[in-house]
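Peer 1: You'll find upload17.txt just under this line, and it carries compact mmCIF, C-alpha atoms.
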# COMPACT_ATOMS: atom_id res chain seq x y z
CA MET A 1470 -1.63 3.45 55.09
CA LYS A 1471 -1.04 6.43 52.75
CA THR A 1472 0.57 4.10 50.23
CA LEU A 1473 -2.41 1.75 50.29
CA LEU A 1474 -4.84 4.64 49.81
CA LEU A 1475 -2.82 5.96 46.85
CA MET A 1476 -2.76 2.54 45.19
CA ALA A 1477 -6.51 2.14 45.64
CA LEU A 1478 -7.11 5.59 44.14
CA LEU A 1479 -4.95 4.81 41.08
CA MET A 1480 -6.66 1.45 40.54
CA GLY A 1481 -10.06 3.10 40.69
CA LEU A 1482 -8.98 5.79 38.23
CA ALA A 1483 -7.69 3.17 35.80
CA ARG A 1484 -11.23 1.82 35.40
CA PHE A 1485 -12.22 5.08 33.70
CA LEU A 1486 -9.16 5.54 31.45
CA PRO A 1487 -8.99 4.32 27.82
CA LEU A 1488 -7.17 1.02 27.43
CA SER A 1489 -4.41 2.71 25.42
CA VAL A 1490 -3.71 4.96 28.44
CA VAL A 1491 -3.77 2.19 31.01
CA GLU A 1492 -1.74 -0.28 28.93
CA PRO A 1493 0.06 0.53 25.62
CA ALA A 1494 -1.24 -1.48 22.68
CA ALA A 1495 1.12 -4.12 21.30
CA PRO A 1496 2.42 -3.57 17.74
CA ILE A 1497 0.33 -5.12 14.98
CA ASN A 1498 2.58 -7.51 13.11
CA CYS A 1499 2.31 -9.12 9.71
CA LEU A 1500 3.09 -12.69 8.74
CA MET A 1501 5.62 -13.38 6.02
CA SER A 1502 5.14 -15.88 3.21
CA ASN A 1503 6.71 -18.60 5.38
CA GLY A 1504 4.06 -18.08 8.07
CA GLN A 1505 6.47 -16.45 10.53
CA PRO A 1506 6.06 -12.94 12.02
CA ARG A 1507 7.89 -10.21 10.15
CA PRO A 1508 11.11 -9.14 11.94
CA TYR A 1509 9.90 -5.54 11.94
CA PRO A 1510 6.21 -4.67 12.54
CA CYS A 1511 4.63 -3.61 9.23
CA GLU A 1512 3.96 0.11 9.11
CA PHE A 1513 0.90 0.27 6.86
CA ARG A 1514 -2.31 -1.43 5.79
CA ILE A 1515 -3.76 -0.89 2.31
CA VAL A 1516 -7.44 0.09 2.58
CA ALA A 1517 -8.48 0.41 -1.07
CA ILE A 1518 -7.56 1.30 -4.64
CA ASN A 1519 -10.16 3.46 -6.39
CA LEU A 1520 -10.34 3.50 -10.20
CA MET A 1521 -11.73 6.63 -11.87
CA GLY A 1522 -12.92 7.49 -15.36
CA LYS A 1523 -12.53 10.48 -17.66
CA ASN A 1524 -14.87 12.64 -15.54
CA ASN A 1525 -13.10 11.56 -12.33
CA GLU A 1526 -16.10 9.39 -11.45
CA VAL A 1527 -15.36 6.26 -9.42
CA LEU A 1528 -15.76 3.21 -11.67
CA GLY A 1529 -14.91 0.63 -9.03
CA THR A 1530 -12.92 -0.07 -5.88
CA LEU A 1531 -10.39 -2.77 -5.13
CA THR A 1532 -9.98 -3.92 -1.53
CA PRO A 1533 -8.01 -6.76 0.12
CA GLY A 1534 -11.25 -8.78 0.00
CA ASN A 1535 -12.20 -7.80 -3.56
CA THR A 1536 -9.16 -7.85 -5.83
CA THR A 1537 -10.64 -8.07 -9.35
CA LEU A 1538 -12.33 -5.38 -11.37
CA LYS A 1539 -13.50 -4.84 -14.97
CA LEU A 1540 -13.62 -1.27 -16.25
CA PRO A 1541 -15.71 0.04 -19.19
CA LYS A 1542 -13.69 0.86 -22.30
CA SER A 1543 -15.71 4.04 -22.91
CA LYS A 1544 -14.68 5.50 -19.53
CA ALA A 1545 -10.92 5.35 -20.07
CA VAL A 1546 -9.16 8.65 -19.44
CA SER A 1547 -7.08 8.09 -22.56
CA TYR A 1548 -6.94 5.54 -25.34
CA THR A 1549 -4.16 4.91 -27.86
CA THR A 1550 -3.78 2.35 -30.60
CA SER A 1551 -0.87 1.19 -32.74
CA ILE A 1552 0.25 -1.74 -34.86
CA SER A 1553 1.37 -3.59 -31.73
CA GLY A 1554 -1.84 -3.10 -29.75
CA GLN A 1555 -4.02 -0.71 -27.80
CA SER A 1556 -3.68 0.98 -24.41
CA PHE A 1557 -6.27 2.27 -21.94
CA ALA A 1558 -5.38 4.59 -19.05
CA TYR A 1559 -7.44 5.18 -15.91
CA ASN A 1560 -6.88 7.44 -12.91
CA ALA A 1561 -6.31 5.56 -9.66
CA SER A 1562 -5.85 6.39 -5.99
CA LEU A 1563 -4.23 4.24 -3.32
CA ASP A 1564 -5.66 4.60 0.20
CA PHE A 1565 -3.59 3.29 3.10
CA ARG A 1566 -3.31 3.73 6.87
CA ARG A 1567 -0.37 3.65 9.26
CA ILE A 1568 -0.80 0.85 11.81
CA ASN A 1569 2.66 0.92 13.46
CA THR A 1570 5.37 3.48 13.98
CA ALA A 1571 8.43 2.93 11.81
CA SER A 1572 11.19 0.60 13.02
CA PHE A 1573 13.57 2.81 11.06
CA PRO A 1574 12.34 6.45 10.91
CA ALA A 1575 12.45 8.38 7.67
CA LYS A 1576 15.70 10.10 6.81
CA PRO A 1577 15.53 13.84 6.08
CA VAL A 1578 15.14 14.61 2.38
CA PRO A 1579 18.07 16.62 0.96
CA LYS A 1580 17.25 20.30 0.47
CA SER A 1581 18.11 19.97 -3.21
CA PHE A 1582 15.17 17.54 -3.59
CA PRO A 1583 12.32 19.21 -1.64
CA ASN A 1584 9.58 17.20 -3.39
CA LEU A 1585 11.25 13.81 -3.05
CA GLY A 1586 9.32 11.71 -0.51
CA PHE A 1587 10.85 8.97 1.65
CA TYR A 1588 8.44 6.04 1.25
CA GLN A 1589 8.46 4.28 -2.12
CA ILE A 1590 5.26 3.08 -3.81
CA SER A 1591 5.87 0.61 -6.63
CA THR A 1592 3.87 -1.67 -8.93
CA SER A 1593 4.70 -4.91 -10.71
CA TRP A 1594 3.29 -7.12 -13.47
CA VAL A 1595 4.01 -10.19 -11.28
CA THR A 1596 2.24 -10.99 -8.02
CA SER A 1597 5.41 -11.76 -6.08
CA PRO A 1598 8.40 -9.73 -7.31
CA ILE A 1599 11.86 -10.83 -6.20
CA THR A 1600 14.19 -8.65 -8.29
CA PRO A 1601 14.41 -4.84 -8.72
CA SER A 1602 13.70 -5.19 -12.45
CA GLU A 1603 10.22 -6.50 -11.60
CA LEU A 1604 9.25 -3.28 -9.79
CA THR A 1605 8.23 0.09 -11.25
CA LEU A 1606 8.48 3.06 -8.90
CA ILE A 1607 5.37 5.24 -9.32
CA LYS A 1608 5.52 7.61 -6.33
CA ARG A 1609 7.67 8.73 -3.41
CA VAL A 1610 5.70 10.13 -0.48
CA ASP A 1611 6.14 11.29 3.09
CA VAL A 1612 3.85 9.83 5.78
CA ALA A 1613 3.27 11.17 9.28
CA PRO A 1614 5.15 9.07 11.89
CA ASN A 1615 2.27 8.72 14.38
CA VAL A 1616 -0.47 6.10 14.17
CA PRO A 1617 -3.66 8.09 13.36
CA GLY A 1618 -6.94 7.80 15.20
CA PRO A 1619 -9.68 5.64 13.66
CA LEU A 1620 -11.62 8.68 12.39
CA ILE A 1621 -8.65 10.24 10.59
CA ARG A 1622 -8.78 9.82 6.82
CA PRO A 1623 -6.34 7.36 5.21
CA ASN A 1624 -3.34 8.57 3.27
CA ARG A 1625 -4.20 8.90 -0.43
CA VAL A 1626 -1.79 8.73 -3.36
CA ALA A 1627 -2.87 9.30 -6.97
CA PHE A 1628 -1.35 7.44 -9.92
CA THR A 1629 -2.23 6.25 -13.43
CA LEU A 1630 -3.05 2.64 -14.27
CA GLN A 1631 -2.36 1.71 -17.88
CA LEU A 1632 -3.80 -1.49 -19.35
CA ASN A 1633 -2.32 -2.80 -22.61
CA TYR A 1634 -4.11 -5.14 -25.00
CA SER A 1635 -3.21 -6.98 -28.18
CA THR A 1636 -5.00 -6.11 -31.43
CA GLY A 1637 -7.84 -7.94 -33.15
CA SER A 1638 -11.31 -9.14 -32.26
CA ASN A 1639 -9.91 -11.52 -29.64
CA ALA A 1640 -7.70 -8.93 -27.95
CA THR A 1641 -6.10 -10.11 -24.73
CA ILE A 1642 -4.48 -8.14 -21.93
CA VAL A 1643 -0.68 -7.96 -22.04
CA ALA A 1644 1.43 -7.97 -18.84
CA PRO A 1645 -1.13 -6.16 -16.65
CA VAL A 1646 -0.15 -4.56 -13.36
CA ARG A 1647 -0.89 -7.23 -10.74
CA TYR A 1648 0.73 -5.93 -7.55
CA ILE A 1649 1.39 -2.76 -5.55
CA GLN A 1650 3.61 -2.22 -2.49
CA ILE A 1651 4.70 0.49 -0.05
CA ALA A 1652 8.30 0.26 1.14
CA ASN A 1653 10.42 1.91 3.79
CA PRO A 1654 13.74 1.91 1.88
CA ILE A 1655 15.77 1.39 5.07
CA THR A 1656 13.74 -1.59 6.30
CA PHE A 1657 13.57 -2.98 2.76
CA LYS A 1658 17.37 -3.33 2.62
CA LYS A 1659 17.69 -5.00 6.03
CA PRO A 1660 18.55 -8.74 6.08
CA PHE A 1661 15.50 -10.97 6.44
CA PRO A 1662 15.50 -14.60 7.62
CA ALA A 1663 16.60 -17.07 4.94
CA PRO A 1664 15.20 -18.04 2.51
CA ILE A 1665 12.98 -14.91 2.41
CA ASN A 1666 13.56 -13.18 -0.93
CA GLN A 1667 10.07 -12.00 -1.79
CA PHE A 1668 9.65 -8.25 -1.85
CA ARG A 1669 6.14 -8.59 -0.39
CA ASP A 1670 7.74 -9.74 2.88
CA LYS A 1671 10.07 -6.73 2.93
CA ALA A 1672 7.37 -4.20 2.03
CA GLU A 1673 5.39 -2.33 4.69
CA ALA A 1674 2.16 -3.22 2.85
CA PHE A 1675 1.27 -4.92 -0.43
CA MET A 1676 -1.76 -6.02 -2.41
CA GLU A 1677 -2.37 -8.30 -5.39
CA PHE A 1678 -5.11 -7.35 -7.86
CA LEU A 1679 -6.27 -7.71 -11.45
CA VAL A 1680 -7.98 -4.95 -13.44
CA THR A 1681 -9.22 -5.59 -16.99
CA VAL A 1682 -11.19 -3.68 -19.61
CA ASP A 1683 -14.74 -4.55 -20.70
CA MET A 1684 -14.57 -3.96 -24.47
CA THR A 1685 -18.38 -4.05 -24.79
CA LYS A 1686 -19.04 -1.03 -22.57
The structure given in the file should be rewritten as structure tokens.
Peer 2:
Amino acid sequence: MKTLLLMALLMGLARFLPLSVVEPAAPINCLMSNGQPRPYPCEFRIVAINLMGKNNEVLGTLTPGNTTLKLPKSKAVSYTTSISGQSFAYNASLDFRRINTASFPAKPVPKSFPNLGFYQISTSWVTSPITPSELTLIKRVDVAPNVPGPLIRPNRVAFTLQLNYSTGSNATIVAPVRYIQIANPITFKKPFPAPINQFRDKAEAFMEFLVTVDMTK
């Protein structure tokens, strides 16, 4: 009788507890380019990339649903020109959220490198890099291991986006940055199902985009 009363009490209490307390949420997984679930749940989701001008004003925002943006030439943080072409630089910030705990936790950073973060943020001029030479490391950062609550701000990482153009009245963009990824270096080196060789499948989050310069503004 006591056992039945205890079970009834617990069942009644469960009605008033948050779902995450009553039943742990399943990991959010990502699909790879072959349509199959990733072997390790992806750790992050990219929220947005903000592009800023010389006065740190926001000129535009890239999101997974809005991946193209044209920035005014006059708002570039810096501008250089040479015989080979011209370059425009803009400040940028990457916002991302943790959605799963890491399958392979971060290794401690050696004391001799106190400012060297564990997670690697890289860009590429191709939309699906497959070799190390196609990636450019722009930041190394540490990220808290716990999944944050919905009201907690995303992680934010600042970097510079440089856009290069040819010379002349019909100047065209040259090898623009088209891709950004966040990688856990341990997970990234793990074997993935054949024939997976795309870095986007091994990254914890990635995003394609295209930013250009409006020469008339």
Peer 1: Please provide as a list in words all residues within 12 Å of Ser1597 (chain A), with the sequence filter that same-chain residues fewer than 5 positions apart are discarded (counting all atoms listed in the file).
Peer 2: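 Within the cut-off, the hits are Ser1502, Thr1592, Glu1603, Leu1604, Val1646, Arg1647, Tyr1648, Ile1649, Gln1650, Ile1665, Asn1666, Gln1667, Phe1668, Arg1669, Asp1670, Lys1671, Ala1672, Phe1675, Met1676, Glu1677 and Phe1678 of chain A.
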Peer 1: Of the candidates A:Thr1636, A:Pro1619, A:Phe1587, A:Leu1563, which shows the shortest atom-to-atom distance to Thr1532 (chain A), using all atoms listed in the file?
Peer 2: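 Of all the options, A:Leu1563 lies closest to Thr1532 (chain A).
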Peer 1: Between A:Leu1540, A:Ile1599, A:Tyr1559, A:Ala1545, which has the minimum distance to Pro1664 (chain A) (counting all atoms listed in the file)?
Peer 2: A:Ile1599
Peer 1: Just how far from CA of Ile1607 (chain A) is CA of Val1546 (chain A), in Å to one decimal?
Peer 2: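 Between these atoms lies a distance of 18.0 Å.
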Peer 1: Within 6 Å of (0.9, 1.4, 9.3) in the file's own coordinates, which protein, DNA or RNA residues have an atom, counting all atoms listed in the file? List them as a PyMOL selection string.
Peer 2: chain A and resi 1512-1514+1566-1569
Peer 1: List every protein, DNA or RNA residue that has an atom no more than 8 Å from (7.8, 11.5, -4.8) in the file's coordinate frame, counting all atoms listed in the file, and report them as a count of residues only.
Peer 2: 8
Peer 1: One decimal, Å: what's the distance from CA of Ala1575 (chain A) over to CA of Pro1506 (chain A), could you say?
Peer 2: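 Distance reported for this atom pair: 22.7 Å.
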Peer 1: What's the separation between CA of Phe1565 (chain A) and CA of Ala1663 (chain A), in Å to one decimal place?
Peer 2: 28.7 Å
Peer 1: Tell me which of A:Asn1503, A:Ser1562, A:Ser1556, A:Ser1593 sits closest to Pro1662 (chain A), counting all atoms listed in the file.
Peer 2: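 Of the candidates, the smallest distance to Pro1662 (chain A) is held by A:Asn1503.
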Peer 1: Which residue out of A:Ser1591, A:Thr1605, A:Ser1543, A:Thr1549 has the minimum interatomic distance to Ala1674 (chain A) when only C-alpha atoms are used?
Peer 2: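 Checking each of A:Ser1591, A:Thr1605, A:Ser1543, A:Thr1549 against Ala1674 (chain A), counting only C-alpha atoms, the winner is A:Ser1591.
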Peer 1: Here is a test: counting all atoms listed in the file, which residue of A:Ser1547, A:Thr1629, A:Asn1535, A:Asn1615 is nearest to Ala1561 (chain A)?
Peer 2: A:Thr1629
Peer 1: Fewer than 4 positions away in the same chain doesn't count, so skip those; otherwise give me all residues within 7 Å of Lys1539 (chain A), counting all atoms listed in the file, as a ChimeraX atom specification.
Peer 2: /A:1680-1683
Peer 1: Output C-alpha atoms for every residue in the selection just made, as a PDB file, in the coordinates of the input.
Peer 2:
ATOM      1  CA  VAL A1680      -7.980  -4.950 -13.440  1.00  0.00           C
ATOM      2  CA  THR A1681      -9.220  -5.590 -16.990  1.00  0.00           C
ATOM      3  CA  VAL A1682     -11.190  -3.680 -19.610  1.00  0.00           C
ATOM      4  CA  ASP A1683     -14.740  -4.550 -20.700  1.00  0.00           C
TER       5      ASP A1683
END
Peer 1: Have a look at A:Pro1645, A:Asp1564, A:Ser1638, A:Thr1550 and name the one nearest to Pro1533 (chain A); count only C-alpha atoms.
Peer 2: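 Of A:Pro1645, A:Asp1564, A:Ser1638, A:Thr1550, the one nearest Pro1533 (chain A), counting only C-alpha atoms, is A:Asp1564.
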Peer 1: Since the input lacks atoms, please generate N, CA and C atoms for region 1519-1540 of chain A and provide them as an mmCIF file, in the frame of the given file.
Peer 2:
data_model
loop_
_atom_site.group_PDB
_atom_site.id
_atom_site.type_symbol
_atom_site.label_atom_id
_atom_site.label_comp_id
_atom_site.auth_asym_id
_atom_site.auth_seq_id
_atom_site.Cartn_x
_atom_site.Cartn_y
_atom_site.Cartn_z
ATOM 1 N N ASN A 1519 -9.011 2.968 -5.633
ATOM 2 C CA ASN A 1519 -10.160 3.460 -6.390
ATOM 3 C C ASN A 1519 -9.748 3.710 -7.835
ATOM 4 N N LEU A 1520 -10.586 3.269 -8.783
ATOM 5 C CA LEU A 1520 -10.340 3.500 -10.200
ATOM 6 C C LEU A 1520 -11.359 4.504 -10.724
ATOM 7 N N MET A 1521 -10.871 5.552 -11.397
ATOM 8 C CA MET A 1521 -11.730 6.630 -11.870
ATOM 9 C C MET A 1521 -11.701 6.752 -13.388
ATOM 10 N N GLY A 1522 -12.797 7.298 -13.930
ATOM 11 C CA GLY A 1522 -12.920 7.490 -15.360
ATOM 12 C C GLY A 1522 -12.565 8.892 -15.796
ATOM 13 N N LYS A 1523 -12.922 9.211 -17.042
ATOM 14 C CA LYS A 1523 -12.530 10.480 -17.660
ATOM 15 C C LYS A 1523 -13.125 11.694 -16.962
ATOM 16 N N ASN A 1524 -14.247 11.536 -16.279
ATOM 17 C CA ASN A 1524 -14.870 12.640 -15.540
ATOM 18 C C ASN A 1524 -14.556 12.561 -14.052
ATOM 19 N N ASN A 1525 -13.532 11.769 -13.720
ATOM 20 C CA ASN A 1525 -13.100 11.560 -12.330
ATOM 21 C C ASN A 1525 -14.157 10.853 -11.496
ATOM 22 N N GLU A 1526 -15.095 10.168 -12.167
ATOM 23 C CA GLU A 1526 -16.100 9.390 -11.450
ATOM 24 C C GLU A 1526 -15.490 8.042 -11.047
ATOM 25 N N VAL A 1527 -15.873 7.537 -9.890
ATOM 26 C CA VAL A 1527 -15.360 6.260 -9.420
ATOM 27 C C VAL A 1527 -16.044 5.125 -10.193
ATOM 28 N N LEU A 1528 -15.238 4.327 -10.880
ATOM 29 C CA LEU A 1528 -15.760 3.210 -11.670
ATOM 30 C C LEU A 1528 -15.785 1.908 -10.875
ATOM 31 N N GLY A 1529 -14.968 1.834 -9.852
ATOM 32 C CA GLY A 1529 -14.910 0.630 -9.030
ATOM 33 C C GLY A 1529 -13.823 0.757 -7.985
ATOM 34 N N THR A 1530 -13.879 -0.106 -6.993
ATOM 35 C CA THR A 1530 -12.920 -0.070 -5.880
ATOM 36 C C THR A 1530 -12.373 -1.456 -5.612
ATOM 37 N N LEU A 1531 -11.062 -1.533 -5.523
ATOM 38 C CA LEU A 1531 -10.390 -2.770 -5.130
ATOM 39 C C LEU A 1531 -10.105 -2.712 -3.631
ATOM 40 N N THR A 1532 -10.308 -3.812 -2.944
ATOM 41 C CA THR A 1532 -9.980 -3.920 -1.530
ATOM 42 C C THR A 1532 -9.275 -5.256 -1.304
ATOM 43 N N PRO A 1533 -8.649 -5.466 -0.135
ATOM 44 C CA PRO A 1533 -8.010 -6.760 0.120
ATOM 45 C C PRO A 1533 -8.971 -7.943 -0.010
ATOM 46 N N GLY A 1534 -10.270 -7.701 0.147
ATOM 47 C CA GLY A 1534 -11.250 -8.780 0.000
ATOM 48 C C GLY A 1534 -11.921 -8.822 -1.350
ATOM 49 N N ASN A 1535 -11.602 -7.863 -2.219
ATOM 50 C CA ASN A 1535 -12.200 -7.800 -3.560
ATOM 51 C C ASN A 1535 -11.128 -7.300 -4.520
ATOM 52 N N THR A 1536 -10.388 -8.214 -5.123
ATOM 53 C CA THR A 1536 -9.160 -7.850 -5.830
ATOM 54 C C THR A 1536 -9.261 -7.927 -7.353
ATOM 55 N N THR A 1537 -10.465 -8.077 -7.901
ATOM 56 C CA THR A 1537 -10.640 -8.070 -9.350
ATOM 57 C C THR A 1537 -11.669 -7.033 -9.747
ATOM 58 N N LEU A 1538 -11.446 -6.442 -10.925
ATOM 59 C CA LEU A 1538 -12.330 -5.380 -11.370
ATOM 60 C C LEU A 1538 -12.268 -5.270 -12.889
ATOM 61 N N LYS A 1539 -13.419 -5.039 -13.526
ATOM 62 C CA LYS A 1539 -13.500 -4.840 -14.970
ATOM 63 C C LYS A 1539 -14.025 -3.440 -15.230
ATOM 64 N N LEU A 1540 -13.278 -2.660 -16.009
ATOM 65 C CA LEU A 1540 -13.620 -1.270 -16.250
ATOM 66 C C LEU A 1540 -14.166 -1.080 -17.673
#
